[in-house]
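Enquirer: I'd like to ask some things about the structure below.
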Amino acid sequence: MMQFEVLQAALRRAGAASRFIQGEVLEIADACVVLADASAPLSLESLEVARASEVTSGLIVVPHAVDQVVLITQTCDLQETTAEECFCLVTPVRLVERRIAHEAWRGRRPALAGLPWVDDQSVADLARITTIERSVLLGAPSLGRPRTPRERLQFAEAVSRYLTRPALPDAINTVLSPLVRRIGEKHDRNSAEGRCANRVSEMRVEAAPDLDHAEPALNVLMILEEKYLPKLAAGQQVDDDRIDELRRNGPQASAEAVEAATQPIAVREAWTALAECWVQPAATLVPDVPGVGSVDVSVLNAEELSYARSLNAPILDIRYLSTRTT
């Protein structure tokens with residue numbers, strides 16, 4: 001009976017965790033740990049713990065020596081604490097270069113999530129998520145939380161993307177590898193092509209008839225915000241000859257044409273030419289890669305991508321593809 005009363009009292013106290021929200025940064029030392037195999041440590045930290053404990057086999061607990069964590073559990077899940085729902089997820093906060101933190105906030109580093117409500121160098125290390133009991137949060141000083149609904153959504157999207165990036169078939173990855181390299185090389189470069197690469201908010205890949213087909217026809221969808229790719233007026237159509245001319249001049253000239261264009265039709269033609277330049281090396285690989293029938297590309301703004309179409313076009317993670325190693 002005494003144990004039950006102690007548990008219930010603790011659960012009532014832990015209900016105070018409902019005041020926290022996803023993305024909140026808390027000062028809690030050594031809350032994050034990883035499990036390692038003492039006989040085969042893969043990091044210096046686990047090697048040191050194994051040696052210090054003189055353990056040569058079995059699992060060992062390796063603390064991640066940080067004093068700040070960020071709450072990963074969704075805000076709504078924290079509203080009620082019970083014996084069945086008494087856990088939450090946290091991950092360490094790291095300090096990195098401002099450039100890296102900026103890229104993380106913009107979604108360009110999938111294992112990190114920026115924390116601009118703390119400062120311009122703090123990031124959440126999503127590769128080290130740990131489950132803790134909610135009572136650990138009690139009394140912990142809050143160092144900041146998302147300040148706007150947009151910040152809450154952007155942080156949630158960063159966590160979701162890290163955990164749900166789809167694994168495409170090897171043949172598709174192989175064929176699209178030149179596109180991956182091009183985006184990675186040009187991303188964040190101070191050039192017309194680099195600035196254009198930054199404006200691509202999302203890439204998706206359609207497969208006809210579907211991804212399970214022996215040799216699907218691929219169509220890469222490059223999605224931009226409407227301010228970068230305005231709608232065409234009713235009856236307007238792009239000039240294929242003009243697109244071909246721009247494409248023959250190469251990606252840099254096409255990117256410069258994107259930046260120079262002022263009319264929606266010219267913007268659309270230049271973006272189409274640039275996208276075709278980017279994807280052409282991938283299309284060239286198709287005859288040598290069994291498992292892919294063809295590769296094409298389409299440029300759309302977000303309003304032009306229907307919900308139904310998006311369901312059949314998994315995200316080709318441009319944030320992951322454009323990540324540079326440090």
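Going by the structure tokens order, chains are called A, B, ..., each with residues numbered from 1, while ligands are numbered from 1 in the order shown.
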Hey, what's within 10 Å of A:Gly139 if we count only C-alpha atoms and toss same-chain stuff fewer than 2 positions away? As a PyMOL selection string, please?

Expert: chain A and resi 16-17+26-28+135-137+141-142

Enquirer: Could you tell me, as number ranges by chain, which residues of stretch 131-306 of chain A DSSP assigns to strand (DSSP E or B) when given the backbone?

Expert: A: 131-133, 142-144, 200-208, 217-224, 294-301

Enquirer: Please produce an output containing N, CA and C atoms for each residue in the selection, written as a PDB file, in the first residue's frame.

Expert:
```
ATOM      1  N   THR A 131      15.011   8.479 -23.480  1.00  0.00           N
ATOM      2  CA  THR A 131      13.744   8.429 -22.749  1.00  0.00           C
ATOM      3  C   THR A 131      14.005   8.648 -21.262  1.00  0.00           C
ATOM      4  N   ILE A 132      13.257   9.582 -20.661  1.00  0.00           N
ATOM      5  CA  ILE A 132      13.382   9.825 -19.224  1.00  0.00           C
ATOM      6  C   ILE A 132      11.980   9.847 -18.612  1.00  0.00           C
ATOM      7  N   GLU A 133      11.889   9.671 -17.290  1.00  0.00           N
ATOM      8  CA  GLU A 133      10.630   9.872 -16.598  1.00  0.00           C
ATOM      9  C   GLU A 133      10.396  11.373 -16.438  1.00  0.00           C
ATOM     10  N   SER A 142      14.025  26.603 -17.198  1.00  0.00           N
ATOM     11  CA  SER A 142      13.801  26.685 -18.640  1.00  0.00           C
ATOM     12  C   SER A 142      14.692  27.781 -19.218  1.00  0.00           C
ATOM     13  N   LEU A 143      15.395  27.445 -20.292  1.00  0.00           N
ATOM     14  CA  LEU A 143      16.307  28.393 -20.926  1.00  0.00           C
ATOM     15  C   LEU A 143      15.731  28.968 -22.215  1.00  0.00           C
ATOM     16  N   GLY A 144      14.508  28.599 -22.525  1.00  0.00           N
ATOM     17  CA  GLY A 144      13.876  29.128 -23.729  1.00  0.00           C
ATOM     18  C   GLY A 144      12.955  28.098 -24.357  1.00  0.00           C
ATOM     19  N   VAL A 200      14.986  26.087 -53.576  1.00  0.00           N
ATOM     20  CA  VAL A 200      14.206  24.856 -53.722  1.00  0.00           C
ATOM     21  C   VAL A 200      13.825  24.397 -52.322  1.00  0.00           C
ATOM     22  N   SER A 201      12.552  24.496 -51.992  1.00  0.00           N
ATOM     23  CA  SER A 201      12.128  24.182 -50.627  1.00  0.00           C
ATOM     24  C   SER A 201      11.961  22.689 -50.407  1.00  0.00           C
ATOM     25  N   GLU A 202      11.693  21.947 -51.477  1.00  0.00           N
ATOM     26  CA  GLU A 202      11.466  20.508 -51.325  1.00  0.00           C
ATOM     27  C   GLU A 202      11.610  19.825 -52.675  1.00  0.00           C
ATOM     28  N   MET A 203      12.091  18.588 -52.647  1.00  0.00           N
ATOM     29  CA  MET A 203      12.096  17.754 -53.845  1.00  0.00           C
ATOM     30  C   MET A 203      11.357  16.463 -53.529  1.00  0.00           C
ATOM     31  N   ARG A 204      10.542  16.025 -54.478  1.00  0.00           N
ATOM     32  CA  ARG A 204       9.830  14.761 -54.366  1.00  0.00           C
ATOM     33  C   ARG A 204      10.098  13.948 -55.624  1.00  0.00           C
ATOM     34  N   VAL A 205       9.856  12.660 -55.528  1.00  0.00           N
ATOM     35  CA  VAL A 205      10.081  11.820 -56.701  1.00  0.00           C
ATOM     36  C   VAL A 205       8.830  10.972 -56.961  1.00  0.00           C
ATOM     37  N   GLU A 206       8.295  11.138 -58.157  1.00  0.00           N
ATOM     38  CA  GLU A 206       7.177  10.323 -58.617  1.00  0.00           C
ATOM     39  C   GLU A 206       7.728   9.137 -59.396  1.00  0.00           C
ATOM     40  N   ALA A 207       7.026   8.031 -59.337  1.00  0.00           N
ATOM     41  CA  ALA A 207       7.427   6.835 -60.081  1.00  0.00           C
ATOM     42  C   ALA A 207       6.205   6.280 -60.804  1.00  0.00           C
ATOM     43  N   ALA A 208       6.332   6.086 -62.099  1.00  0.00           N
ATOM     44  CA  ALA A 208       5.220   5.530 -62.888  1.00  0.00           C
ATOM     45  C   ALA A 208       5.635   4.165 -63.445  1.00  0.00           C
ATOM     46  N   ALA A 217       9.475   4.851 -64.343  1.00  0.00           N
ATOM     47  CA  ALA A 217       9.847   6.147 -64.903  1.00  0.00           C
ATOM     48  C   ALA A 217       9.786   7.169 -63.774  1.00  0.00           C
ATOM     49  N   LEU A 218      10.880   7.848 -63.527  1.00  0.00           N
ATOM     50  CA  LEU A 218      10.957   8.788 -62.409  1.00  0.00           C
ATOM     51  C   LEU A 218      10.712  10.219 -62.883  1.00  0.00           C
ATOM     52  N   ASN A 219      10.028  10.960 -62.060  1.00  0.00           N
ATOM     53  CA  ASN A 219       9.840  12.388 -62.298  1.00  0.00           C
ATOM     54  C   ASN A 219      10.161  13.123 -61.012  1.00  0.00           C
ATOM     55  N   VAL A 220      11.261  13.866 -61.006  1.00  0.00           N
ATOM     56  CA  VAL A 220      11.653  14.632 -59.835  1.00  0.00           C
ATOM     57  C   VAL A 220      10.848  15.925 -59.811  1.00  0.00           C
ATOM     58  N   LEU A 221      10.149  16.162 -58.708  1.00  0.00           N
ATOM     59  CA  LEU A 221       9.379  17.390 -58.544  1.00  0.00           C
ATOM     60  C   LEU A 221      10.188  18.364 -57.692  1.00  0.00           C
ATOM     61  N   MET A 222      10.517  19.516 -58.263  1.00  0.00           N
ATOM     62  CA  MET A 222      11.191  20.572 -57.506  1.00  0.00           C
ATOM     63  C   MET A 222      10.139  21.585 -57.100  1.00  0.00           C
ATOM     64  N   ILE A 223       9.957  21.744 -55.794  1.00  0.00           N
ATOM     65  CA  ILE A 223       8.903  22.594 -55.257  1.00  0.00           C
ATOM     66  C   ILE A 223       9.515  23.893 -54.738  1.00  0.00           C
ATOM     67  N   LEU A 224       8.954  25.019 -55.179  1.00  0.00           N
ATOM     68  CA  LEU A 224       9.400  26.331 -54.733  1.00  0.00           C
ATOM     69  C   LEU A 224       8.224  27.095 -54.143  1.00  0.00           C
ATOM     70  N   SER A 294      13.543   5.790 -66.711  1.00  0.00           N
ATOM     71  CA  SER A 294      13.847   7.129 -67.215  1.00  0.00           C
ATOM     72  C   SER A 294      13.829   8.110 -66.050  1.00  0.00           C
ATOM     73  N   VAL A 295      14.360   9.308 -66.281  1.00  0.00           N
ATOM     74  CA  VAL A 295      14.338  10.372 -65.271  1.00  0.00           C
ATOM     75  C   VAL A 295      13.931  11.673 -65.949  1.00  0.00           C
ATOM     76  N   ASP A 296      12.943  12.321 -65.400  1.00  0.00           N
ATOM     77  CA  ASP A 296      12.492  13.623 -65.885  1.00  0.00           C
ATOM     78  C   ASP A 296      12.388  14.553 -64.690  1.00  0.00           C
ATOM     79  N   VAL A 297      12.040  15.822 -64.920  1.00  0.00           N
ATOM     80  CA  VAL A 297      11.935  16.781 -63.835  1.00  0.00           C
ATOM     81  C   VAL A 297      10.804  17.751 -64.130  1.00  0.00           C
ATOM     82  N   SER A 298      10.108  18.185 -63.075  1.00  0.00           N
ATOM     83  CA  SER A 298       9.054  19.195 -63.172  1.00  0.00           C
ATOM     84  C   SER A 298       9.276  20.219 -62.070  1.00  0.00           C
ATOM     85  N   VAL A 299       9.030  21.484 -62.391  1.00  0.00           N
ATOM     86  CA  VAL A 299       9.162  22.562 -61.414  1.00  0.00           C
ATOM     87  C   VAL A 299       7.767  23.083 -61.093  1.00  0.00           C
ATOM     88  N   LEU A 300       7.418  23.100 -59.797  1.00  0.00           N
ATOM     89  CA  LEU A 300       6.089  23.515 -59.353  1.00  0.00           C
ATOM     90  C   LEU A 300       6.225  24.467 -58.179  1.00  0.00           C
ATOM     91  N   ASN A 301       5.217  25.330 -58.013  1.00  0.00           N
ATOM     92  CA  ASN A 301       5.170  26.028 -56.735  1.00  0.00           C
ATOM     93  C   ASN A 301       4.269  25.240 -55.791  1.00  0.00           C
TER      94      ASN A 301
END
```

Enquirer: Using only C-alpha atoms, determine which residues lie at most 9 Å from A:Trp117, disregarding the query and same-chain residues fewer than 3 positions distant; provide the list as a ChimeraX atom specification.

Expert: /A:24-25,114,120,143-147,151

Enquirer: For the residues in that selection, give me N, CA and C atoms as a compact mmCIF listing (two decimals), in the first residue's frame.

Expert:
```
# COMPACT_ATOMS: atom_id res chain seq x y z
N GLU A 24 11.24 23.04 -25.82
CA GLU A 24 11.71 23.77 -24.65
C GLU A 24 13.09 23.26 -24.23
N VAL A 25 13.97 24.18 -23.93
CA VAL A 25 15.33 23.84 -23.52
C VAL A 25 15.42 23.97 -22.01
N GLY A 114 17.88 23.44 -35.23
CA GLY A 114 18.28 24.73 -34.67
C GLY A 114 17.38 25.15 -33.52
N ASP A 120 22.17 31.81 -31.25
CA ASP A 120 22.46 31.50 -32.65
C ASP A 120 23.51 30.42 -32.83
N LEU A 143 15.40 27.44 -20.29
CA LEU A 143 16.31 28.39 -20.93
C LEU A 143 15.73 28.97 -22.21
N GLY A 144 14.51 28.60 -22.53
CA GLY A 144 13.88 29.13 -23.73
C GLY A 144 12.95 28.10 -24.36
N ARG A 145 11.98 28.60 -25.12
CA ARG A 145 11.03 27.73 -25.81
C ARG A 145 10.64 28.43 -27.11
N PRO A 146 10.10 27.66 -28.07
CA PRO A 146 9.66 28.30 -29.32
C PRO A 146 8.73 29.47 -29.02
N ARG A 147 8.98 30.60 -29.72
CA ARG A 147 8.27 31.83 -29.38
C ARG A 147 7.00 32.05 -30.20
N GLU A 151 7.67 28.79 -35.21
CA GLU A 151 8.86 28.15 -34.65
C GLU A 151 8.53 26.77 -34.10
```

Enquirer: Do a neighbour search on A:Arg134 at 9 Å with only C-alpha atoms, toss out local chain neighbours closer than 6 positions, and write the hits as a list in words.

Expert: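 Those residues are Leu11, Ala14, Gly15, Ala16, Ala17, Leu78, Thr81, Cys86, Phe87, Cys88 and Leu89 of chain A.
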
Enquirer: Please, which residues in stretch 85-193 of chain A fall within 10 Å of stretch 255-274 of chain A when counting only C-alpha atoms, and what is the closest atom pair and distance in Å to one decimal for each, ordered by chain then residue number, as CSV?

Expert:
```
residue,atom,partner,partner_atom,distance
A:Ser191,CA,A:Ala255,CA,8.8
A:Ala192,CA,A:Ala255,CA,5.4
A:Glu193,CA,A:Ala255,CA,5.0
```

Enquirer: Residues near A:Arg247, anyone? I mean within 8 Å using only C-alpha atoms, not counting same-chain ones fewer than 3 positions away, as a VMD selection string.

Expert: chain A and resid 243 to 244 250 to 251 254 273 to 274 276 to 277
